[in-house]
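Asks: run19.txt is the file, holding compact mmCIF, C-alpha atoms:
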# COMPACT_ATOMS: atom_id res chain seq x y z
CA MET A 1 -15.51 -15.82 -36.71
CA ALA A 2 -16.37 -16.18 -33.05
CA TYR A 3 -13.73 -15.44 -30.46
CA GLN A 4 -13.44 -16.42 -26.83
CA ARG A 5 -12.47 -13.79 -24.26
CA LEU A 6 -9.84 -14.76 -21.71
CA THR A 7 -11.16 -15.35 -18.23
CA ARG A 8 -9.68 -13.23 -15.44
CA GLU A 9 -7.68 -16.29 -14.41
CA GLN A 10 -6.29 -16.61 -17.95
CA ILE A 11 -5.29 -12.92 -18.03
CA VAL A 12 -3.17 -13.32 -14.91
CA GLN A 13 -1.69 -16.58 -16.23
CA ARG A 14 -0.63 -14.70 -19.35
CA VAL A 15 1.05 -11.91 -17.33
CA ALA A 16 2.85 -14.46 -15.15
CA GLN A 17 4.58 -15.89 -18.24
CA ASP A 18 6.27 -12.53 -18.85
CA ILE A 19 7.86 -12.19 -15.40
CA PRO A 20 11.48 -13.32 -15.55
CA GLU A 21 13.58 -14.92 -12.88
CA GLY A 22 15.24 -12.41 -10.55
CA ALA A 23 12.64 -9.69 -11.17
CA TYR A 24 11.55 -7.47 -8.28
CA VAL A 25 7.79 -7.24 -8.69
CA ASN A 26 4.95 -5.39 -6.99
CA LEU A 27 1.49 -6.78 -7.66
CA GLY A 28 -1.41 -4.38 -7.21
CA ILE A 29 -4.53 -5.11 -5.22
CA GLY A 30 -7.25 -7.23 -6.85
CA LEU A 31 -6.65 -9.07 -10.11
CA PRO A 32 -2.85 -8.46 -10.22
CA THR A 33 -2.42 -10.10 -6.78
CA LYS A 34 -3.56 -13.40 -8.32
CA ILE A 35 -0.51 -13.43 -10.64
CA ALA A 36 1.46 -14.77 -7.67
CA ASN A 37 -0.45 -18.06 -7.94
CA HIS A 38 0.76 -18.60 -11.51
CA LEU A 39 4.47 -17.75 -11.29
CA ASP A 40 6.81 -20.54 -12.33
CA ALA A 41 7.85 -22.24 -9.08
CA ASN A 42 11.26 -23.00 -10.60
CA LYS A 43 12.05 -19.30 -10.95
CA GLU A 44 13.15 -17.11 -8.05
CA ILE A 45 11.01 -13.98 -8.34
CA PHE A 46 10.94 -11.34 -5.58
CA LEU A 47 7.49 -10.06 -4.67
CA GLN A 48 7.47 -6.76 -2.81
CA SER A 49 4.53 -5.51 -0.79
CA GLU A 50 4.20 -1.80 -0.05
CA ASN A 51 3.55 -2.45 3.65
CA GLY A 52 7.17 -3.48 4.14
CA VAL A 53 7.74 -7.00 2.83
CA LEU A 54 10.20 -8.32 0.24
CA GLY A 55 10.15 -12.00 -0.64
CA MET A 56 6.43 -12.54 -0.15
CA GLY A 57 5.39 -16.19 -0.16
CA PRO A 58 2.02 -17.88 -0.74
CA ALA A 59 -1.02 -17.67 1.50
CA PRO A 60 -0.62 -19.57 4.79
CA ALA A 61 -2.41 -22.83 5.52
CA LYS A 62 -5.65 -22.52 7.43
CA GLY A 63 -4.93 -21.92 11.08
CA GLU A 64 -1.40 -20.65 10.33
CA GLU A 65 -2.44 -17.04 9.66
CA ASP A 66 -0.51 -14.30 11.46
CA ALA A 67 -2.32 -11.00 11.94
CA ASP A 68 1.01 -9.15 11.68
CA LEU A 69 1.88 -10.64 8.29
CA ILE A 70 -0.35 -9.31 5.53
CA ASN A 71 -0.02 -7.90 2.01
CA ALA A 72 -1.16 -4.57 0.58
CA GLY A 73 -4.65 -6.01 0.11
CA LYS A 74 -4.72 -6.93 3.82
CA GLU A 75 -4.67 -10.65 2.99
CA PHE A 76 -2.63 -13.11 5.05
CA ILE A 77 0.71 -14.04 3.48
CA THR A 78 3.93 -15.88 4.33
CA LEU A 79 7.57 -14.89 3.93
CA LEU A 80 10.02 -16.88 1.83
CA GLU A 81 13.38 -17.89 3.23
CA GLY A 82 15.61 -14.92 2.39
CA GLY A 83 12.77 -12.41 2.62
CA SER A 84 12.89 -9.29 4.77
CA TYR A 85 10.78 -6.72 6.60
CA PHE A 86 11.30 -2.94 6.61
CA HIS A 87 9.51 0.31 7.37
CA HIS A 88 7.30 2.30 5.02
CA GLY A 89 10.01 4.83 4.21
CA ASP A 90 12.28 2.08 2.91
CA SER A 91 9.39 0.39 1.16
CA PHE A 92 8.50 3.50 -0.79
CA THR A 93 12.17 4.15 -1.51
CA MET A 94 12.06 0.80 -3.33
CA MET A 95 8.86 1.76 -5.12
CA ARG A 96 9.64 5.37 -6.07
CA GLY A 97 13.37 5.14 -6.59
CA GLY A 98 13.23 2.90 -9.65
CA HIS A 99 14.17 -0.29 -7.83
CA ILE A 100 11.05 -2.33 -8.71
CA ASP A 101 11.42 -3.98 -12.13
CA ILE A 102 7.73 -4.60 -12.78
CA CYS A 103 4.55 -3.46 -11.15
CA VAL A 104 1.19 -4.76 -12.27
CA LEU A 105 -1.86 -2.61 -11.66
CA GLY A 106 -5.54 -2.70 -12.46
CA ALA A 107 -7.06 0.25 -14.32
CA PHE A 108 -10.28 2.07 -15.13
CA GLN A 109 -8.68 3.61 -18.22
CA VAL A 110 -5.36 3.72 -20.06
CA ALA A 111 -4.70 6.39 -22.68
CA GLU A 112 -2.73 5.91 -25.88
CA ASN A 113 0.25 7.82 -24.43
CA GLY A 114 0.32 5.55 -21.36
CA ASP A 115 -1.62 7.82 -19.00
CA LEU A 116 -3.17 5.69 -16.25
CA ALA A 117 -6.45 6.23 -14.38
CA ASN A 118 -7.08 3.71 -11.63
CA TRP A 119 -7.80 5.45 -8.33
CA HIS A 120 -10.92 7.54 -8.71
CA THR A 121 -13.92 7.42 -11.00
CA GLY A 122 -14.53 11.11 -10.42
CA ALA A 123 -18.06 10.32 -9.28
CA PRO A 124 -19.15 13.09 -6.88
CA ASP A 125 -20.32 10.65 -4.18
CA ALA A 126 -17.24 8.39 -4.32
CA ILE A 127 -14.85 8.48 -1.37
CA PRO A 128 -11.43 8.49 -3.04
CA ALA A 129 -8.53 6.31 -1.83
CA VAL A 130 -5.21 6.41 -3.62
CA GLY A 131 -2.90 4.24 -1.50
CA GLY A 132 0.44 3.49 -3.17
CA ALA A 133 -0.80 3.46 -6.77
CA MET A 134 0.62 6.87 -7.71
CA ASP A 135 4.02 5.95 -6.27
CA LEU A 136 4.17 2.69 -8.22
CA ALA A 137 2.91 4.26 -11.42
CA ILE A 138 5.81 6.70 -11.59
CA GLY A 139 8.40 4.68 -9.70
CA ALA A 140 8.56 1.19 -11.22
CA LYS A 141 10.80 0.49 -14.23
CA ASN A 142 7.91 -1.20 -16.05
CA VAL A 143 4.22 -0.68 -15.41
CA PHE A 144 1.90 -3.42 -16.67
CA VAL A 145 -1.88 -3.06 -16.55
CA THR A 146 -4.37 -5.92 -16.33
CA MET A 147 -8.02 -5.18 -17.04
CA GLU A 148 -11.03 -6.10 -19.13
CA HIS A 149 -10.83 -4.55 -22.57
CA VAL A 150 -14.19 -2.77 -22.20
CA THR A 151 -16.43 -1.80 -19.29
CA LYS A 152 -19.49 -3.80 -18.23
CA ASN A 153 -21.47 -1.45 -20.48
CA GLY A 154 -19.19 -2.15 -23.42
CA GLU A 155 -17.35 1.17 -23.36
CA PRO A 156 -13.66 1.13 -24.32
CA LYS A 157 -11.19 1.41 -21.46
CA ILE A 158 -8.24 2.04 -23.77
CA VAL A 159 -8.88 5.60 -24.80
CA LYS A 160 -7.36 8.58 -26.62
CA SER A 161 -7.45 10.56 -23.40
CA CYS A 162 -8.55 9.49 -19.92
CA SER A 163 -11.83 11.00 -18.71
CA TYR A 164 -11.20 9.78 -15.14
CA PRO A 165 -8.66 11.52 -12.86
CA LEU A 166 -5.12 10.36 -13.59
CA THR A 167 -2.96 8.16 -11.38
CA GLY A 168 0.15 8.97 -13.40
CA MET A 169 1.17 10.50 -16.71
CA ALA A 170 2.58 8.41 -19.58
CA CYS A 171 3.60 5.64 -17.18
CA VAL A 172 2.07 2.43 -18.60
CA ASN A 173 4.34 0.20 -20.69
CA ARG A 174 2.07 -2.76 -21.49
CA ILE A 175 -1.63 -3.64 -21.25
CA TYR A 176 -3.01 -7.18 -20.81
CA THR A 177 -6.75 -7.47 -21.43
CA ASP A 178 -9.18 -10.32 -21.99
CA LEU A 179 -8.74 -9.71 -25.74
CA ALA A 180 -5.15 -8.64 -26.39
CA VAL A 181 -1.68 -7.71 -25.26
CA ILE A 182 -0.78 -4.16 -26.24
CA GLU A 183 2.52 -2.30 -25.93
CA VAL A 184 2.55 1.43 -25.25
CA THR A 185 5.28 2.81 -27.52
CA PRO A 186 6.43 6.29 -28.57
CA LYS A 187 4.59 5.58 -31.84
CA GLY A 188 1.35 4.72 -30.03
CA LEU A 189 -0.36 1.46 -29.10
CA VAL A 190 0.99 -1.66 -30.77
CA VAL A 191 -0.94 -4.95 -30.57
CA THR A 192 1.39 -7.91 -30.02
CA GLU A 193 -1.19 -10.64 -29.30
CA MET A 194 -4.91 -11.18 -29.81
CA VAL A 195 -7.20 -14.01 -28.68
CA ASN A 196 -7.95 -16.65 -31.31
CA GLY A 197 -10.69 -15.74 -33.73
CA LEU A 198 -10.57 -11.99 -33.05
CA SER A 199 -9.80 -9.77 -36.02
CA PHE A 200 -7.72 -6.62 -35.73
CA GLU A 201 -10.71 -4.63 -36.99
CA GLU A 202 -12.95 -6.04 -34.24
CA LEU A 203 -10.32 -5.21 -31.63
CA GLN A 204 -10.02 -1.67 -32.97
CA SER A 205 -13.82 -1.27 -32.84
CA LEU A 206 -13.67 -2.06 -29.09
CA THR A 207 -10.81 0.42 -28.53
CA ASP A 208 -11.15 4.20 -28.55
CA ALA A 209 -7.44 4.89 -29.17
CA PRO A 210 -5.89 3.99 -32.52
CA LEU A 211 -4.05 0.64 -32.59
CA SER A 212 -1.37 -0.63 -34.91
CA ARG A 213 -0.04 -4.11 -35.56
CA GLU A 214 3.47 -5.30 -34.83
CA MET B 1 18.30 -19.60 -8.89
CA ILE B 2 19.46 -16.10 -8.13
CA ASP B 3 23.00 -15.90 -6.78
CA LYS B 4 24.55 -12.44 -6.40
CA THR B 5 27.73 -13.70 -4.80
CA SER B 6 30.95 -13.32 -6.79
CA ALA B 7 33.96 -15.53 -6.25
CA SER B 8 36.34 -12.84 -7.40
CA ILE B 9 36.53 -9.21 -6.31
CA PHE B 10 38.08 -8.28 -9.62
CA GLU B 11 35.17 -9.81 -11.60
CA ALA B 12 32.83 -7.45 -9.74
CA ILE B 13 35.09 -4.40 -9.95
CA LYS B 14 36.19 -4.66 -13.58
CA GLN B 15 32.83 -3.37 -14.85
CA ILE B 16 33.65 0.10 -13.45
CA GLN B 17 34.47 2.16 -16.52
CA ASP B 18 36.49 5.37 -16.91
CA GLY B 19 34.44 8.44 -15.99
CA ALA B 20 32.08 6.56 -13.66
CA THR B 21 30.64 8.07 -10.49
CA VAL B 22 31.48 5.78 -7.57
CA MET B 23 30.13 6.05 -4.04
CA ILE B 24 32.44 4.58 -1.43
CA GLY B 25 31.11 3.82 2.03
CA GLY B 26 32.91 4.36 5.28
CA PHE B 27 33.30 6.88 8.06
CA GLY B 28 36.97 6.92 8.80
CA THR B 29 38.08 3.32 8.45
CA ALA B 30 34.83 1.87 9.85
CA GLY B 31 32.73 0.58 6.99
CA GLN B 32 35.45 1.40 4.49
CA PRO B 33 35.52 -1.31 1.79
CA ALA B 34 39.31 -1.44 1.72
CA GLU B 35 39.59 -4.56 -0.46
CA LEU B 36 37.16 -3.17 -3.04
CA ILE B 37 39.13 0.10 -3.13
CA ASP B 38 42.37 -1.83 -3.62
CA ALA B 39 40.74 -3.72 -6.50
CA LEU B 40 39.48 -0.48 -8.06
CA ILE B 41 42.95 1.04 -7.92
CA ALA B 42 44.43 -2.12 -9.45
CA HIS B 43 41.71 -2.08 -12.13
CA GLY B 44 42.84 1.44 -13.01
CA ALA B 45 39.59 3.17 -14.06
CA LYS B 46 40.33 6.87 -14.65
CA GLU B 47 38.52 10.21 -14.36
CA LEU B 48 36.27 8.89 -11.62
CA THR B 49 33.91 11.02 -9.58
CA VAL B 50 34.08 9.64 -6.06
CA VAL B 51 31.32 10.31 -3.52
CA ASN B 52 32.67 9.67 -0.08
CA ASN B 53 32.66 11.06 3.44
CA ASN B 54 36.39 10.90 3.86
CA ALA B 55 38.12 13.25 1.43
CA GLY B 56 40.40 15.72 3.17
CA ASN B 57 40.24 14.18 6.62
CA GLY B 58 43.03 11.74 6.08
CA SER B 59 41.42 8.63 4.74
CA PHE B 60 40.63 9.07 1.07
CA PRO B 61 40.21 6.75 -0.58
CA ARG B 62 42.20 4.72 1.95
CA GLN B 63 43.76 5.91 5.16
CA SER B 64 47.21 5.26 3.73
CA ASP B 65 46.48 7.44 0.69
CA SER B 66 45.64 10.69 2.44
CA TYR B 67 48.91 12.29 1.40
CA GLU B 68 48.07 11.38 -2.22
CA PHE B 69 44.81 13.27 -1.99
CA ASP B 70 46.51 16.31 -0.45
CA LYS B 71 49.16 16.28 -3.18
CA LEU B 72 46.60 16.04 -5.98
CA TYR B 73 44.45 18.74 -4.39
CA TYR B 74 47.29 21.25 -4.08
CA ALA B 75 48.40 20.42 -7.64
CA LYS B 76 44.79 21.12 -8.77
CA LYS B 77 44.66 17.66 -10.31
CA ILE B 78 41.55 16.72 -8.36
CA GLU B 79 38.36 18.71 -7.95
CA LEU B 80 36.58 18.70 -4.62
CA GLU B 81 32.92 19.53 -4.06
CA LEU B 82 32.43 20.00 -0.35
CA VAL B 83 29.07 18.90 1.06
CA PRO B 84 28.00 19.19 4.71
CA GLN B 85 27.65 15.65 6.00
CA GLY B 86 23.91 15.70 6.65
CA ASN B 87 23.27 17.12 3.21
CA LEU B 88 25.48 14.40 1.74
CA ALA B 89 23.36 11.75 3.44
CA ALA B 90 20.08 13.45 2.51
CA ARG B 91 21.10 13.93 -1.15
CA ILE B 92 22.08 10.25 -1.38
CA GLN B 93 18.77 9.25 0.19
CA ALA B 94 16.92 11.53 -2.23
CA THR B 95 18.36 9.59 -5.16
CA GLY B 96 17.41 6.27 -3.58
CA ALA B 97 13.84 7.44 -3.06
CA GLY B 98 13.46 9.01 -6.49
CA LEU B 99 13.10 12.60 -5.29
CA GLY B 100 13.92 15.52 -7.60
CA ALA B 101 15.48 17.80 -4.98
CA ILE B 102 15.30 18.58 -1.29
CA TYR B 103 15.12 21.74 0.82
CA THR B 104 17.65 21.50 3.63
CA PRO B 105 18.37 23.98 6.42
CA THR B 106 22.05 23.01 6.62
CA GLY B 107 24.32 25.57 5.02
CA TYR B 108 21.69 28.26 4.47
CA GLY B 109 23.36 31.66 4.31
CA THR B 110 26.87 30.17 4.22
CA LEU B 111 29.66 29.93 1.68
CA LEU B 112 28.50 26.43 0.74
CA ALA B 113 25.09 27.72 -0.34
CA GLU B 114 26.35 30.52 -2.58
CA GLY B 115 24.59 30.59 -5.93
CA LYS B 116 22.02 28.01 -4.86
CA ASP B 117 18.29 28.55 -4.77
CA SER B 118 16.85 28.97 -1.33
CA LYS B 119 13.48 29.42 0.29
CA VAL B 120 12.18 30.62 3.62
CA ILE B 121 9.59 28.17 4.94
CA LYS B 122 7.72 29.08 8.12
CA GLY B 123 10.41 31.59 8.97
CA ARG B 124 13.41 29.29 8.54
CA GLY B 125 15.83 29.37 5.62
CA TYR B 126 16.43 26.32 3.43
CA VAL B 127 18.78 25.59 0.52
CA LEU B 128 17.65 23.67 -2.55
CA GLU B 129 19.98 20.71 -3.01
CA TYR B 130 19.89 18.09 -5.74
CA PRO B 131 20.21 14.30 -5.42
CA ILE B 132 23.61 12.65 -5.86
CA HIS B 133 23.49 9.76 -8.33
CA ALA B 134 26.13 7.08 -8.78
CA ASP B 135 26.93 4.39 -11.30
CA PHE B 136 28.48 2.19 -8.61
CA ALA B 137 28.55 1.99 -4.84
CA LEU B 138 31.28 0.09 -3.03
CA ILE B 139 30.27 -0.74 0.51
CA LYS B 140 31.31 -2.95 3.40
CA ALA B 141 28.89 -5.08 5.38
CA PHE B 142 29.30 -7.85 7.93
CA LYS B 143 27.21 -10.72 6.52
CA GLY B 144 25.42 -11.19 3.22
CA ASP B 145 23.45 -13.93 1.46
CA ARG B 146 23.02 -14.90 -2.19
CA TRP B 147 19.99 -12.60 -2.59
CA GLY B 148 22.07 -9.62 -1.43
CA ASN B 149 20.51 -9.20 2.02
CA LEU B 150 23.03 -7.51 4.32
CA VAL B 151 23.68 -6.86 7.97
CA TYR B 152 26.39 -4.49 9.13
CA ARG B 153 28.56 -4.43 12.23
CA LYS B 154 28.41 -1.69 14.85
CA SER B 155 29.27 1.83 13.61
CA ALA B 156 30.54 0.42 10.31
CA ARG B 157 26.97 0.62 9.02
CA ASN B 158 27.20 4.39 8.39
CA PHE B 159 26.79 5.23 4.68
CA GLY B 160 26.40 1.65 3.38
CA PRO B 161 22.62 1.28 3.48
CA ILE B 162 21.87 4.62 1.81
CA MET B 163 24.60 4.41 -0.82
CA ALA B 164 23.23 0.98 -1.78
CA THR B 165 19.93 2.66 -2.68
CA ALA B 166 21.51 5.41 -4.78
CA ALA B 167 23.77 3.52 -7.20
CA LYS B 168 22.82 1.66 -10.35
CA CYS B 169 25.14 -1.15 -9.25
CA THR B 170 26.14 -1.79 -5.65
CA ILE B 171 29.00 -4.12 -4.79
CA ALA B 172 29.16 -5.17 -1.14
CA GLN B 173 32.17 -6.78 0.44
CA VAL B 174 31.25 -8.90 3.46
CA ASN B 175 33.16 -10.77 6.10
CA GLU B 176 30.98 -13.82 5.57
CA ILE B 177 28.49 -15.16 3.04
CA VAL B 178 25.75 -16.99 4.90
CA PRO B 179 23.01 -19.36 3.62
CA LEU B 180 19.68 -17.87 2.61
CA GLY B 181 17.48 -17.59 5.70
CA ALA B 182 20.41 -17.36 8.12
CA ILE B 183 19.78 -13.63 8.55
CA ASP B 184 16.63 -12.99 10.59
CA PRO B 185 14.19 -11.15 8.28
CA GLU B 186 13.63 -8.64 11.11
CA HIS B 187 17.36 -7.89 11.18
CA VAL B 188 18.05 -7.36 7.47
CA ILE B 189 19.36 -3.80 7.19
CA THR B 190 19.79 -3.70 3.41
CA PRO B 191 17.25 -5.85 1.56
CA GLY B 192 18.71 -7.58 -1.49
CA ILE B 193 16.79 -5.40 -3.95
CA PHE B 194 19.49 -2.74 -3.51
CA ILE B 195 22.47 -5.07 -4.02
CA GLN B 196 23.88 -6.46 -7.27
CA HIS B 197 27.06 -8.21 -6.09
CA VAL B 198 28.25 -9.72 -2.81
CA VAL B 199 31.91 -10.61 -2.40
CA ALA B 200 33.45 -12.29 0.65
CA VAL B 201 36.84 -10.94 1.70
Take the structure in the file and write it out as structure tokens.

Replies:
Amino acid sequence: MAYQRLTREQIVQRVAQDIPEGAYVNLGIGLPTKIANHLDANKEIFLQSENGVLGMGPAPAKGEEDADLINAGKEFITLLEGGSYFHHGDSFTMMRGGHIDICVLGAFQVAENGDLANWHTGAPDAIPAVGGAMDLAIGAKNVFVTMEHVTKNGEPKIVKSCSYPLTGMACVNRIYTDLAVIEVTPKGLVVTEMVNGLSFEELQSLTDAPLSRE
Amino acid sequence: MIDKTSASIFEAIKQIQDGATVMIGGFGTAGQPAELIDALIAHGAKELTVVNNNAGNGSFPRQSDSYEFDKLYYAKKIELELVPQGNLAARIQATGAGLGAIYTPTGYGTLLAEGKDSKVIKGRGYVLEYPIHADFALIKAFKGDRWGNLVYRKSARNFGPIMATAAKCTIAQVNEIVPLGAIDPEHVITPGIFIQHVVAV
């Protein structure tokens, strides 16, 4: 039976459903940033940005941009009423001290024990940049990953052991891909959702690490 | 809607269980959350570990109780771990920031460093000190809003902002609860992420 992969937009919509009211959330650069556009407007959710912002609001209207008010991806943002600004030391206290409820990060690879690789492909000519990813990976109460299930060449990104350099050890709690939602548990990877028409066997064939069903 | 304000001090305080570790802000009487301390005493939780800057200098837990502390201390009914003030602040900050330990120069080679690991770094001695964790922090601020954003008043700020980062649950008493947005975002000293309850007294 044919199955339809989720679009990138649909992946972030799916993650947004799982963010409860009152959560303190850090959204990583790239795909995770777009989750902000899909949060339920009736819920008060606190978005933190590593460059010293809590209570991040939507993008400003054209012409209203302020060069001193940007997010971690250097995009223009606004501040909600009740938001605050602080220095980097305080910001990383929030991120490393276990104060962020959920962070959502992109990934090159996630291993079955929750190891995360998202900062460096290990390519000899790549100029590495790590930013705040390592701090979030070990510091947030829950680490969610959003990514395509396989690479552009069809290679699994959910693996027995990461071949790329690690961002953090055993830190990922949940993976959202274009095919499935997978929990990282002490017993290994447990599939909790799959796209319509996809069989468990097909999903396993696209995944290097062993999967189990709920 | 998220509203961290509590109508009743006792509702906020009654969750403190026997055996809890409780940080209490204040330097002398400035920043001392007197009403929260009164409520804790009335609540009657026992076998508490209290982290505070005031033991032994005449204001623990309240100024009026100093003789109680002295009596308990001489009767060996209370244990006291003495920490140099800067190390106290640094160990509280270490918890807030998720650090595993810190090397501090304060106390190196003294009685208060006996039995502790130490290290000479670039010719200067340092003592290895561990973070101080707490189940609760009771602090006093000047104004707070329903998201838990706080501003303090003058030298009453002291330990409040760092204790708020180091406890699983921080209860702040404030002189005034203000509407969201009334505190300038540039002036927020403790962002609401570190605060669980705000009580006006």

Asks: Provide as a PyMOL selection string the residues of chain B at most 6 Å from chain A, counting all atoms listed in the file.

Replies: chain B and resi 1+96-98+180-181+185-186

Asks: Using all atoms listed in the file, what table do you get, as a Markdown table, when you list each residue of segment 101-161 of chain B with an atom no more than 8 Å from segment 16-37 of chain B, its nearest pair of atoms, and their distance in Å rounded to one decimal, rows by chain then rising number?

Replies:
| residue | atom | partner | partner_atom | distance |
| --- | --- | --- | --- | --- |
| B:His133 | CA | B:Thr21 | CA | 7.7 |
| B:Ala134 | CA | B:Thr21 | CA | 4.9 |
| B:Asp135 | CA | B:Thr21 | CA | 5.3 |
| B:Phe136 | CA | B:Val22 | CA | 4.8 |
| B:Ala137 | CA | B:Met23 | CA | 4.4 |
| B:Leu138 | CA | B:Ile24 | CA | 4.9 |
| B:Ile139 | CA | B:Gly25 | CA | 4.9 |
| B:Lys140 | CA | B:Pro33 | CA | 4.8 |
| B:Ala141 | CA | B:Gly31 | CA | 7.0 |
| B:Ser155 | CA | B:Ala30 | CA | 6.7 |
| B:Ala156 | CA | B:Gly31 | CA | 4.0 |
| B:Arg157 | CA | B:Gly31 | CA | 6.1 |
| B:Asn158 | CA | B:Gly26 | CA | 6.5 |
| B:Phe159 | CA | B:Gly25 | CA | 5.3 |
| B:Gly160 | CA | B:Gly25 | CA | 5.4 |

Asks: For a test of reading the model, state the distance in Å between atom CA of Asp145 of chain B and atom CA of Val198 of chain B, rounded to one decimal.

Replies: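 We find that atom CA of Asp145 of chain B and atom CA of Val198 of chain B lie 7.7 Å from each other.
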
Asks: Enter the distance from atom CA of Gly109 of chain B to atom CA of Ala90 of chain B, in Å, rounded to one decimal.

Replies: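 Taking atom CA of Gly109 of chain B as the start and atom CA of Ala90 of chain B as the end point, the length is 18.6 Å.
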
Asks: Return the single residue from A:Ala59, A:Val190, A:Ile11, A:Leu47 that is closest to His149 of chain A, with distances computed using all atoms listed in the file.

Replies: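 Counting all atoms listed in the file, the residue closest to His149 of chain A is A:Ile11.
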
Asks: For segment 68-78 of chain A, please output as number ranges by chain all residues within 9 Å (counting only C-alpha atoms; exclusion window: fewer than 6 positions along the same chain).

Replies: A: 27-30, 33, 48-53, 55-60

Asks: Could you work out how far atom CA of Asp115 of chain A lies from atom CA of Pro186 of chain A, giving the answer in Å with one decimal?

Replies: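 Taking atom CA of Pro186 of chain A as the start and atom CA of Asp115 of chain A as the end point, the length is 12.6 Å.
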
Asks: Can you find the residues with an atom no farther than 9 Å from (-8.1, 5.1, -14.0), counting only C-alpha atoms, and report them as a PyMOL selection string?

Replies: chain A and resi 106-110+115-121+157+162-167

Asks: Do you know which residues are at most 9 Å from Phe200 of chain A counting all atoms listed in the file, after dropping those on the same chain fewer than 6 positions away, and could you put them as an NGL selection string?

Replies: :A and (191 or 194 or 211-213)

Asks: Filtering to C-alpha atoms, could you give me those residues as a compact mmCIF listing (two decimals), in the frame of the given file?

Replies:
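Resulting contents of out_34.txt:
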# COMPACT_ATOMS: atom_id res chain seq x y z
CA VAL A 191 -0.94 -4.95 -30.57
CA MET A 194 -4.91 -11.18 -29.81
CA LEU A 211 -4.05 0.64 -32.59
CA SER A 212 -1.37 -0.63 -34.91
CA ARG A 213 -0.04 -4.11 -35.56

Asks: Tell me, as a PyMOL selection string, which residues lie within 12 Å of Leu111 of chain B, counting all atoms listed in the file; anything in the same chain fewer than 2 positions away does not count.

Replies: chain B and resi 82-84+106-109+113-116+127

Asks: Quick one: residues within 10 Å of Gly197 of chain A, only C-alpha atoms counted, chain neighbours fewer than 5 positions away excluded, as a ChimeraX atom specification?

Replies: /A:1-5,202

Asks: Quick one: residues within 9 Å of Ala94 of chain B, all atoms listed in the file, excluding same-chain residues fewer than 5 positions away - as a list in words?

Replies: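 With the cut-off at 9 Å, the set is Thr93 and Gly97 of chain A; Ala89, Leu99, Gly100, Ala101, Ile102, Tyr130, Pro131, Ile132 and Ala166 of chain B.
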